[in-house]
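So this block is target-v8.txt, compact mmCIF, N, CA and C atoms:
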```txt
# COMPACT_ATOMS: atom_id res chain seq x y z
N MET A 238 48.95 98.10 74.24
CA MET A 238 47.87 97.29 74.77
C MET A 238 46.79 97.20 73.70
N LEU A 239 46.41 95.99 73.37
CA LEU A 239 45.28 95.76 72.49
C LEU A 239 44.22 94.98 73.25
N VAL A 240 42.98 95.14 72.84
CA VAL A 240 41.86 94.37 73.38
C VAL A 240 41.12 93.75 72.20
N THR A 241 40.39 92.68 72.48
CA THR A 241 39.55 92.12 71.43
C THR A 241 38.20 92.81 71.44
N THR A 242 37.61 92.88 70.25
CA THR A 242 36.25 93.40 70.16
C THR A 242 35.31 92.34 70.74
N ARG A 243 34.16 92.76 71.20
CA ARG A 243 33.25 91.80 71.83
C ARG A 243 32.65 90.83 70.84
N GLY A 244 32.19 91.33 69.70
CA GLY A 244 31.49 90.46 68.76
C GLY A 244 32.38 89.54 67.96
N ARG A 245 33.29 90.13 67.18
CA ARG A 245 34.09 89.34 66.25
C ARG A 245 35.46 88.96 66.79
N LYS A 246 35.78 89.42 67.99
CA LYS A 246 37.05 89.08 68.66
C LYS A 246 38.27 89.49 67.84
N ARG A 247 38.16 90.64 67.15
CA ARG A 247 39.28 91.18 66.40
C ARG A 247 40.10 92.07 67.33
N TRP A 248 41.40 92.16 67.08
CA TRP A 248 42.28 92.99 67.91
C TRP A 248 42.12 94.46 67.56
N MET A 249 42.05 95.30 68.60
CA MET A 249 41.77 96.72 68.45
C MET A 249 42.32 97.45 69.67
N ILE A 250 42.48 98.76 69.57
CA ILE A 250 42.80 99.56 70.74
C ILE A 250 41.51 99.78 71.53
N PRO A 251 41.58 100.05 72.84
CA PRO A 251 40.36 100.41 73.56
C PRO A 251 39.76 101.68 72.95
N LYS A 252 38.46 101.67 72.74
CA LYS A 252 37.78 102.82 72.13
C LYS A 252 36.30 102.73 72.43
N GLY A 253 35.58 103.79 72.13
CA GLY A 253 34.15 103.78 72.35
C GLY A 253 33.49 105.04 71.84
N TRP A 254 32.20 105.12 72.09
CA TRP A 254 31.42 106.29 71.68
C TRP A 254 31.78 107.48 72.57
N PRO A 255 31.62 108.70 72.05
CA PRO A 255 31.82 109.88 72.91
C PRO A 255 30.89 109.82 74.13
N ILE A 256 31.38 110.28 75.25
CA ILE A 256 30.59 110.29 76.48
C ILE A 256 30.15 111.73 76.75
N PRO A 257 28.83 111.98 76.84
CA PRO A 257 28.36 113.35 77.09
C PRO A 257 29.01 113.94 78.34
N GLY A 258 29.46 115.18 78.22
CA GLY A 258 30.08 115.88 79.34
C GLY A 258 31.58 115.68 79.46
N LEU A 259 32.15 114.79 78.66
CA LEU A 259 33.59 114.56 78.70
C LEU A 259 34.24 115.01 77.40
N GLU A 260 35.46 115.48 77.50
CA GLU A 260 36.27 115.80 76.32
C GLU A 260 36.64 114.47 75.64
N PRO A 261 36.99 114.49 74.35
CA PRO A 261 37.33 113.24 73.67
C PRO A 261 38.43 112.43 74.36
N HIS A 262 39.48 113.10 74.86
CA HIS A 262 40.55 112.34 75.52
C HIS A 262 40.07 111.77 76.86
N GLU A 263 39.13 112.44 77.51
CA GLU A 263 38.57 111.93 78.76
C GLU A 263 37.71 110.69 78.48
N SER A 264 36.95 110.73 77.39
CA SER A 264 36.17 109.55 76.99
C SER A 264 37.11 108.38 76.70
N ALA A 265 38.24 108.67 76.05
CA ALA A 265 39.21 107.62 75.74
C ALA A 265 39.75 106.98 77.02
N ALA A 266 40.03 107.80 78.03
CA ALA A 266 40.52 107.26 79.30
C ALA A 266 39.47 106.38 79.97
N ARG A 267 38.23 106.81 79.93
CA ARG A 267 37.14 106.02 80.53
C ARG A 267 37.01 104.68 79.82
N GLU A 268 37.04 104.70 78.49
CA GLU A 268 36.93 103.46 77.71
C GLU A 268 38.10 102.53 77.98
N ALA A 269 39.32 103.08 78.10
CA ALA A 269 40.49 102.25 78.39
C ALA A 269 40.34 101.57 79.75
N PHE A 270 39.73 102.26 80.70
CA PHE A 270 39.50 101.64 82.01
C PHE A 270 38.43 100.56 81.92
N GLU A 271 37.31 100.86 81.27
CA GLU A 271 36.20 99.90 81.19
C GLU A 271 36.56 98.66 80.37
N GLU A 272 37.29 98.85 79.26
CA GLU A 272 37.58 97.74 78.37
C GLU A 272 38.84 96.96 78.74
N ALA A 273 39.79 97.61 79.42
CA ALA A 273 41.07 96.95 79.68
C ALA A 273 41.59 97.13 81.10
N GLY A 274 40.87 97.85 81.95
CA GLY A 274 41.31 98.05 83.33
C GLY A 274 42.51 98.96 83.47
N LEU A 275 42.76 99.81 82.46
CA LEU A 275 43.94 100.67 82.49
C LEU A 275 43.70 101.91 83.33
N VAL A 276 44.68 102.23 84.16
CA VAL A 276 44.65 103.41 85.01
C VAL A 276 45.90 104.22 84.69
N GLY A 277 45.72 105.52 84.48
CA GLY A 277 46.86 106.37 84.18
C GLY A 277 46.39 107.71 83.66
N TYR A 278 47.19 108.31 82.80
CA TYR A 278 46.91 109.64 82.27
C TYR A 278 46.85 109.60 80.75
N VAL A 279 45.84 110.28 80.20
CA VAL A 279 45.72 110.35 78.74
C VAL A 279 46.14 111.75 78.28
N ASP A 280 46.90 111.80 77.21
CA ASP A 280 47.33 113.07 76.63
C ASP A 280 46.15 113.65 75.86
N PRO A 281 45.83 114.92 76.04
CA PRO A 281 44.68 115.50 75.34
C PRO A 281 44.91 115.75 73.85
N LYS A 282 46.14 115.57 73.38
CA LYS A 282 46.44 115.79 71.96
C LYS A 282 46.47 114.45 71.23
N ALA A 283 45.56 114.27 70.27
CA ALA A 283 45.48 113.03 69.50
C ALA A 283 46.74 112.86 68.64
N VAL A 284 47.16 111.61 68.46
CA VAL A 284 48.31 111.31 67.60
C VAL A 284 47.87 110.88 66.20
N GLY A 285 46.57 110.82 65.99
CA GLY A 285 46.05 110.43 64.68
C GLY A 285 44.61 109.99 64.80
N SER A 286 44.06 109.57 63.68
CA SER A 286 42.70 109.05 63.67
C SER A 286 42.58 108.02 62.55
N PHE A 287 41.57 107.17 62.68
CA PHE A 287 41.30 106.18 61.64
C PHE A 287 39.79 105.98 61.55
N ARG A 288 39.36 105.42 60.43
CA ARG A 288 37.93 105.16 60.20
C ARG A 288 37.71 103.65 60.10
N TYR A 289 36.53 103.23 60.56
CA TYR A 289 36.16 101.82 60.42
C TYR A 289 34.65 101.72 60.41
N ASP A 290 34.15 100.59 59.96
CA ASP A 290 32.71 100.34 59.93
C ASP A 290 32.31 99.55 61.17
N LYS A 291 31.49 100.16 62.02
CA LYS A 291 31.01 99.52 63.25
C LYS A 291 29.71 98.80 62.95
N ARG A 292 29.68 97.51 63.25
CA ARG A 292 28.46 96.72 63.05
C ARG A 292 27.52 96.94 64.24
N LEU A 293 26.29 97.28 63.92
CA LEU A 293 25.29 97.53 64.96
C LEU A 293 24.27 96.42 65.05
N GLY A 294 24.38 95.44 64.21
CA GLY A 294 23.45 94.32 64.17
C GLY A 294 23.44 93.75 62.77
N PRO A 295 22.63 92.74 62.55
CA PRO A 295 22.57 92.12 61.22
C PRO A 295 22.22 93.14 60.14
N GLY A 296 23.13 93.33 59.20
CA GLY A 296 22.89 94.23 58.09
C GLY A 296 22.95 95.71 58.43
N ARG A 297 23.33 96.05 59.64
CA ARG A 297 23.41 97.47 60.06
C ARG A 297 24.83 97.81 60.46
N GLN A 298 25.34 98.89 59.91
CA GLN A 298 26.65 99.37 60.31
C GLN A 298 26.72 100.88 60.12
N VAL A 299 27.67 101.48 60.81
CA VAL A 299 27.87 102.93 60.72
C VAL A 299 29.37 103.18 60.58
N ARG A 300 29.72 104.15 59.76
CA ARG A 300 31.12 104.53 59.56
C ARG A 300 31.54 105.42 60.73
N CYS A 301 32.59 105.04 61.43
CA CYS A 301 33.07 105.78 62.60
C CYS A 301 34.48 106.30 62.38
N THR A 302 34.76 107.45 62.95
CA THR A 302 36.11 108.00 62.98
C THR A 302 36.58 107.94 64.43
N VAL A 303 37.74 107.35 64.65
CA VAL A 303 38.31 107.19 65.99
C VAL A 303 39.55 108.06 66.11
N GLU A 304 39.56 108.94 67.11
CA GLU A 304 40.77 109.70 67.43
C GLU A 304 41.60 108.86 68.40
N VAL A 305 42.90 108.82 68.18
CA VAL A 305 43.81 108.02 69.01
C VAL A 305 44.62 108.95 69.90
N PHE A 306 44.53 108.70 71.22
CA PHE A 306 45.23 109.52 72.21
C PHE A 306 46.28 108.68 72.93
N PRO A 307 47.48 109.23 73.15
CA PRO A 307 48.48 108.50 73.94
C PRO A 307 47.98 108.33 75.38
N PHE A 308 48.18 107.16 75.93
CA PHE A 308 47.76 106.87 77.29
C PHE A 308 48.99 106.44 78.08
N HIS A 309 49.29 107.17 79.15
CA HIS A 309 50.42 106.87 80.02
C HIS A 309 49.91 105.94 81.11
N VAL A 310 50.14 104.65 80.95
CA VAL A 310 49.56 103.65 81.86
C VAL A 310 50.37 103.58 83.15
N ASP A 311 49.67 103.76 84.27
CA ASP A 311 50.27 103.58 85.58
C ASP A 311 50.20 102.10 85.96
N HIS A 312 49.02 101.50 85.78
CA HIS A 312 48.86 100.08 86.07
C HIS A 312 47.56 99.57 85.44
N GLN A 313 47.42 98.26 85.44
CA GLN A 313 46.20 97.61 84.98
C GLN A 313 45.56 96.95 86.20
N ARG A 314 44.29 97.29 86.43
CA ARG A 314 43.57 96.72 87.57
C ARG A 314 43.37 95.22 87.37
N PRO A 315 43.28 94.43 88.44
CA PRO A 315 43.05 92.99 88.28
C PRO A 315 41.62 92.68 87.83
N HIS A 316 40.69 93.59 88.10
CA HIS A 316 39.28 93.40 87.72
C HIS A 316 38.77 94.69 87.10
N TRP A 317 37.95 94.55 86.04
CA TRP A 317 37.34 95.72 85.41
C TRP A 317 36.04 95.31 84.76
N LEU A 318 35.26 96.30 84.36
CA LEU A 318 33.90 96.10 83.88
C LEU A 318 33.77 95.05 82.79
N GLU A 319 34.59 95.09 81.76
CA GLU A 319 34.43 94.20 80.61
C GLU A 319 35.47 93.07 80.57
N LYS A 320 36.06 92.74 81.70
CA LYS A 320 37.12 91.73 81.73
C LYS A 320 36.67 90.39 81.17
N GLY A 321 35.50 89.94 81.50
CA GLY A 321 35.03 88.65 81.01
C GLY A 321 34.59 88.65 79.56
N GLU A 322 34.52 89.84 78.95
CA GLU A 322 34.03 89.96 77.58
C GLU A 322 35.14 90.13 76.55
N ARG A 323 36.34 90.45 76.99
CA ARG A 323 37.44 90.77 76.07
C ARG A 323 38.74 90.15 76.56
N GLU A 324 39.64 89.93 75.62
CA GLU A 324 41.00 89.54 75.95
C GLU A 324 41.87 90.79 75.81
N THR A 325 42.85 90.95 76.68
CA THR A 325 43.79 92.06 76.56
C THR A 325 45.19 91.48 76.39
N ARG A 326 46.04 92.25 75.72
CA ARG A 326 47.40 91.78 75.51
C ARG A 326 48.36 92.96 75.40
N TRP A 327 49.45 92.89 76.19
CA TRP A 327 50.53 93.87 76.08
C TRP A 327 51.47 93.38 74.99
N LEU A 328 51.76 94.25 74.01
CA LEU A 328 52.53 93.84 72.84
C LEU A 328 53.54 94.91 72.44
N SER A 329 54.54 94.50 71.69
CA SER A 329 55.44 95.48 71.07
C SER A 329 54.64 96.23 70.01
N THR A 330 55.12 97.40 69.60
CA THR A 330 54.40 98.14 68.56
C THR A 330 54.34 97.34 67.27
N LYS A 331 55.42 96.65 66.93
CA LYS A 331 55.45 95.87 65.69
C LYS A 331 54.41 94.74 65.73
N LYS A 332 54.33 94.02 66.84
CA LYS A 332 53.37 92.93 66.96
C LYS A 332 51.94 93.47 67.00
N ALA A 333 51.72 94.56 67.73
CA ALA A 333 50.37 95.16 67.80
C ALA A 333 49.91 95.57 66.41
N ALA A 334 50.79 96.22 65.66
CA ALA A 334 50.43 96.66 64.31
C ALA A 334 50.10 95.47 63.41
N SER A 335 50.77 94.35 63.61
CA SER A 335 50.51 93.17 62.78
C SER A 335 49.16 92.54 63.08
N LEU A 336 48.61 92.79 64.27
CA LEU A 336 47.35 92.16 64.67
C LEU A 336 46.11 92.98 64.34
N VAL A 337 46.24 94.30 64.19
CA VAL A 337 45.06 95.12 63.89
C VAL A 337 44.79 95.09 62.39
N SER A 338 43.53 95.22 62.01
CA SER A 338 43.17 95.10 60.60
C SER A 338 43.06 96.44 59.87
N GLN A 339 42.90 97.54 60.58
CA GLN A 339 42.75 98.85 59.94
C GLN A 339 44.12 99.40 59.55
N PRO A 340 44.36 99.63 58.24
CA PRO A 340 45.67 100.14 57.79
C PRO A 340 46.07 101.45 58.45
N GLU A 341 45.12 102.36 58.67
CA GLU A 341 45.45 103.65 59.30
C GLU A 341 45.89 103.45 60.74
N LEU A 342 45.25 102.52 61.45
CA LEU A 342 45.64 102.24 62.83
C LEU A 342 47.02 101.59 62.87
N LYS A 343 47.31 100.69 61.94
CA LYS A 343 48.65 100.10 61.85
C LYS A 343 49.70 101.21 61.74
N ARG A 344 49.45 102.19 60.86
CA ARG A 344 50.39 103.29 60.65
C ARG A 344 50.59 104.09 61.94
N ILE A 345 49.49 104.39 62.63
CA ILE A 345 49.58 105.15 63.89
C ILE A 345 50.41 104.39 64.92
N ILE A 346 50.15 103.10 65.05
CA ILE A 346 50.88 102.29 66.03
C ILE A 346 52.37 102.26 65.69
N LEU A 347 52.69 102.02 64.43
CA LEU A 347 54.10 101.92 64.03
C LEU A 347 54.85 103.24 64.15
N SER A 348 54.14 104.35 64.00
CA SER A 348 54.81 105.66 64.06
C SER A 348 54.82 106.25 65.47
N PHE A 349 54.16 105.59 66.43
CA PHE A 349 54.07 106.13 67.78
C PHE A 349 55.43 106.10 68.47
N ASN A 350 55.80 107.21 69.07
CA ASN A 350 57.03 107.33 69.84
C ASN A 350 56.65 107.75 71.25
N PRO A 351 56.69 106.83 72.22
CA PRO A 351 56.25 107.19 73.58
C PRO A 351 57.09 108.29 74.22
N ASN A 352 58.32 108.46 73.79
CA ASN A 352 59.16 109.52 74.36
C ASN A 352 58.67 110.91 74.00
N ARG A 353 57.95 111.04 72.90
CA ARG A 353 57.39 112.34 72.51
C ARG A 353 56.17 112.69 73.34
N HIS A 354 55.60 111.73 74.03
CA HIS A 354 54.32 111.94 74.72
C HIS A 354 54.42 111.63 76.21
N SER A 355 55.55 111.93 76.81
CA SER A 355 55.72 111.58 78.23
C SER A 355 55.97 112.79 79.11
N SER A 356 55.51 113.94 78.70
CA SER A 356 55.79 115.16 79.47
C SER A 356 54.93 115.26 80.72
N ASP A 357 55.46 115.92 81.73
CA ASP A 357 54.69 116.19 82.94
C ASP A 357 53.52 117.10 82.63
N GLU A 358 53.71 118.01 81.67
CA GLU A 358 52.63 118.92 81.29
C GLU A 358 51.41 118.14 80.80
N ALA A 359 51.63 117.12 79.99
CA ALA A 359 50.51 116.32 79.49
C ALA A 359 49.81 115.63 80.66
N GLN A 360 50.57 115.12 81.62
CA GLN A 360 49.95 114.46 82.76
C GLN A 360 49.14 115.43 83.59
N ASN A 361 49.62 116.65 83.75
CA ASN A 361 48.91 117.64 84.54
C ASN A 361 47.61 118.08 83.90
N ARG A 362 47.51 118.04 82.57
CA ARG A 362 46.32 118.48 81.87
C ARG A 362 45.33 117.35 81.62
N SER A 363 45.68 116.13 81.95
CA SER A 363 44.89 114.97 81.54
C SER A 363 44.01 114.44 82.65
N LEU A 364 43.07 113.62 82.24
CA LEU A 364 42.18 112.95 83.18
C LEU A 364 42.88 111.75 83.76
N ASN A 365 42.80 111.59 85.06
CA ASN A 365 43.30 110.40 85.70
C ASN A 365 42.13 109.42 85.72
N ALA A 366 42.28 108.32 85.04
CA ALA A 366 41.18 107.36 84.90
C ALA A 366 41.35 106.23 85.90
N GLY A 367 40.24 105.74 86.41
CA GLY A 367 40.30 104.59 87.28
C GLY A 367 39.33 104.70 88.42
N PRO A 368 39.21 103.62 89.18
CA PRO A 368 38.22 103.57 90.24
C PRO A 368 38.49 104.54 91.37
N ASP A 369 39.73 104.94 91.54
CA ASP A 369 40.04 105.88 92.61
C ASP A 369 39.64 107.30 92.24
N HIS A 370 39.15 107.47 91.01
CA HIS A 370 38.83 108.81 90.52
C HIS A 370 37.41 108.87 89.96
N GLY A 371 36.54 108.02 90.46
CA GLY A 371 35.13 108.12 90.12
C GLY A 371 34.71 107.52 88.80
N THR A 372 35.49 106.60 88.23
CA THR A 372 35.10 106.04 86.94
C THR A 372 34.67 104.58 87.02
N GLY A 373 34.55 104.03 88.17
CA GLY A 373 34.09 102.65 88.26
C GLY A 373 34.70 101.93 89.43
N SER A 374 34.50 100.60 89.47
CA SER A 374 35.02 99.83 90.60
C SER A 374 36.20 99.00 90.23
```
Rewrite the structure of this file - the entire thing - as structure tokens.
Amino acid sequence: MLVTTRGRKRWMIPKGWPIPGLEPHESAAREAFEEAGLVGYVDPKAVGSFRYDKRLGPGRQVRCTVEVFPFHVDHQRPHWLEKGERETRWLSTKKAASLVSQPELKRIILSFNPNRHSSDEAQNRSLNAGPDHGTGS
């Protein structure tokens, strides 16, 4: 699943700033729900990280490091917080990697093996994201 960024409409994975009081993988689950309406379980073990320059306004940017967590999607809600602001697209790993601009993220996408990250243990330790679990409507 890729989403477009709000400003430049570039393809990216759902991501965001750390949320106070949440572990990094829990923040990732919240962002996936807000940006793409995804509900499911996030694995607390990151599969990699990448860096990019986040634009904060004209002439302002900050270098960010993004940790990438596997997300076991149960479903995508028909409505979510940022639906009108972003496009979402379900893609093969090869197609998704071809659309993102960050070389490190391309590598992570191409090397991802969902079978390595589908254990019941990961689901039991992870945050269940979505409106039924207090993260939004």
Option closest in space to A:His312, from A:Pro351, A:Val276, A:Val240, A:Arg247 [counting all atoms listed in the file] | A:Val276
What gap, in Å, lies between atom CA of A:Phe306 and atom CA of A:Val279?
-> 6.6 Å
Atom C of A:Lys320 to atom N of A:Leu239, distance in Å rounded to a single decimal |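 So the two atoms, atom C of A:Lys320 and atom N of A:Leu239, lie 13.7 Å apart.
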Find the residues with any atom within 5 Å of (45.9, 93.0, 67.1); use all atoms listed in the file and the coordinates as given in the file, and write the answer as a PyMOL selection string.
-> chain A and resi 248-249+333+336-337
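Between A:Gly244 and the candidates A:Ile256, A:Lys343, A:Val284, A:Glu322, the tightest atom-to-atom separation, counting all atoms listed in the file, involves A:Glu322.
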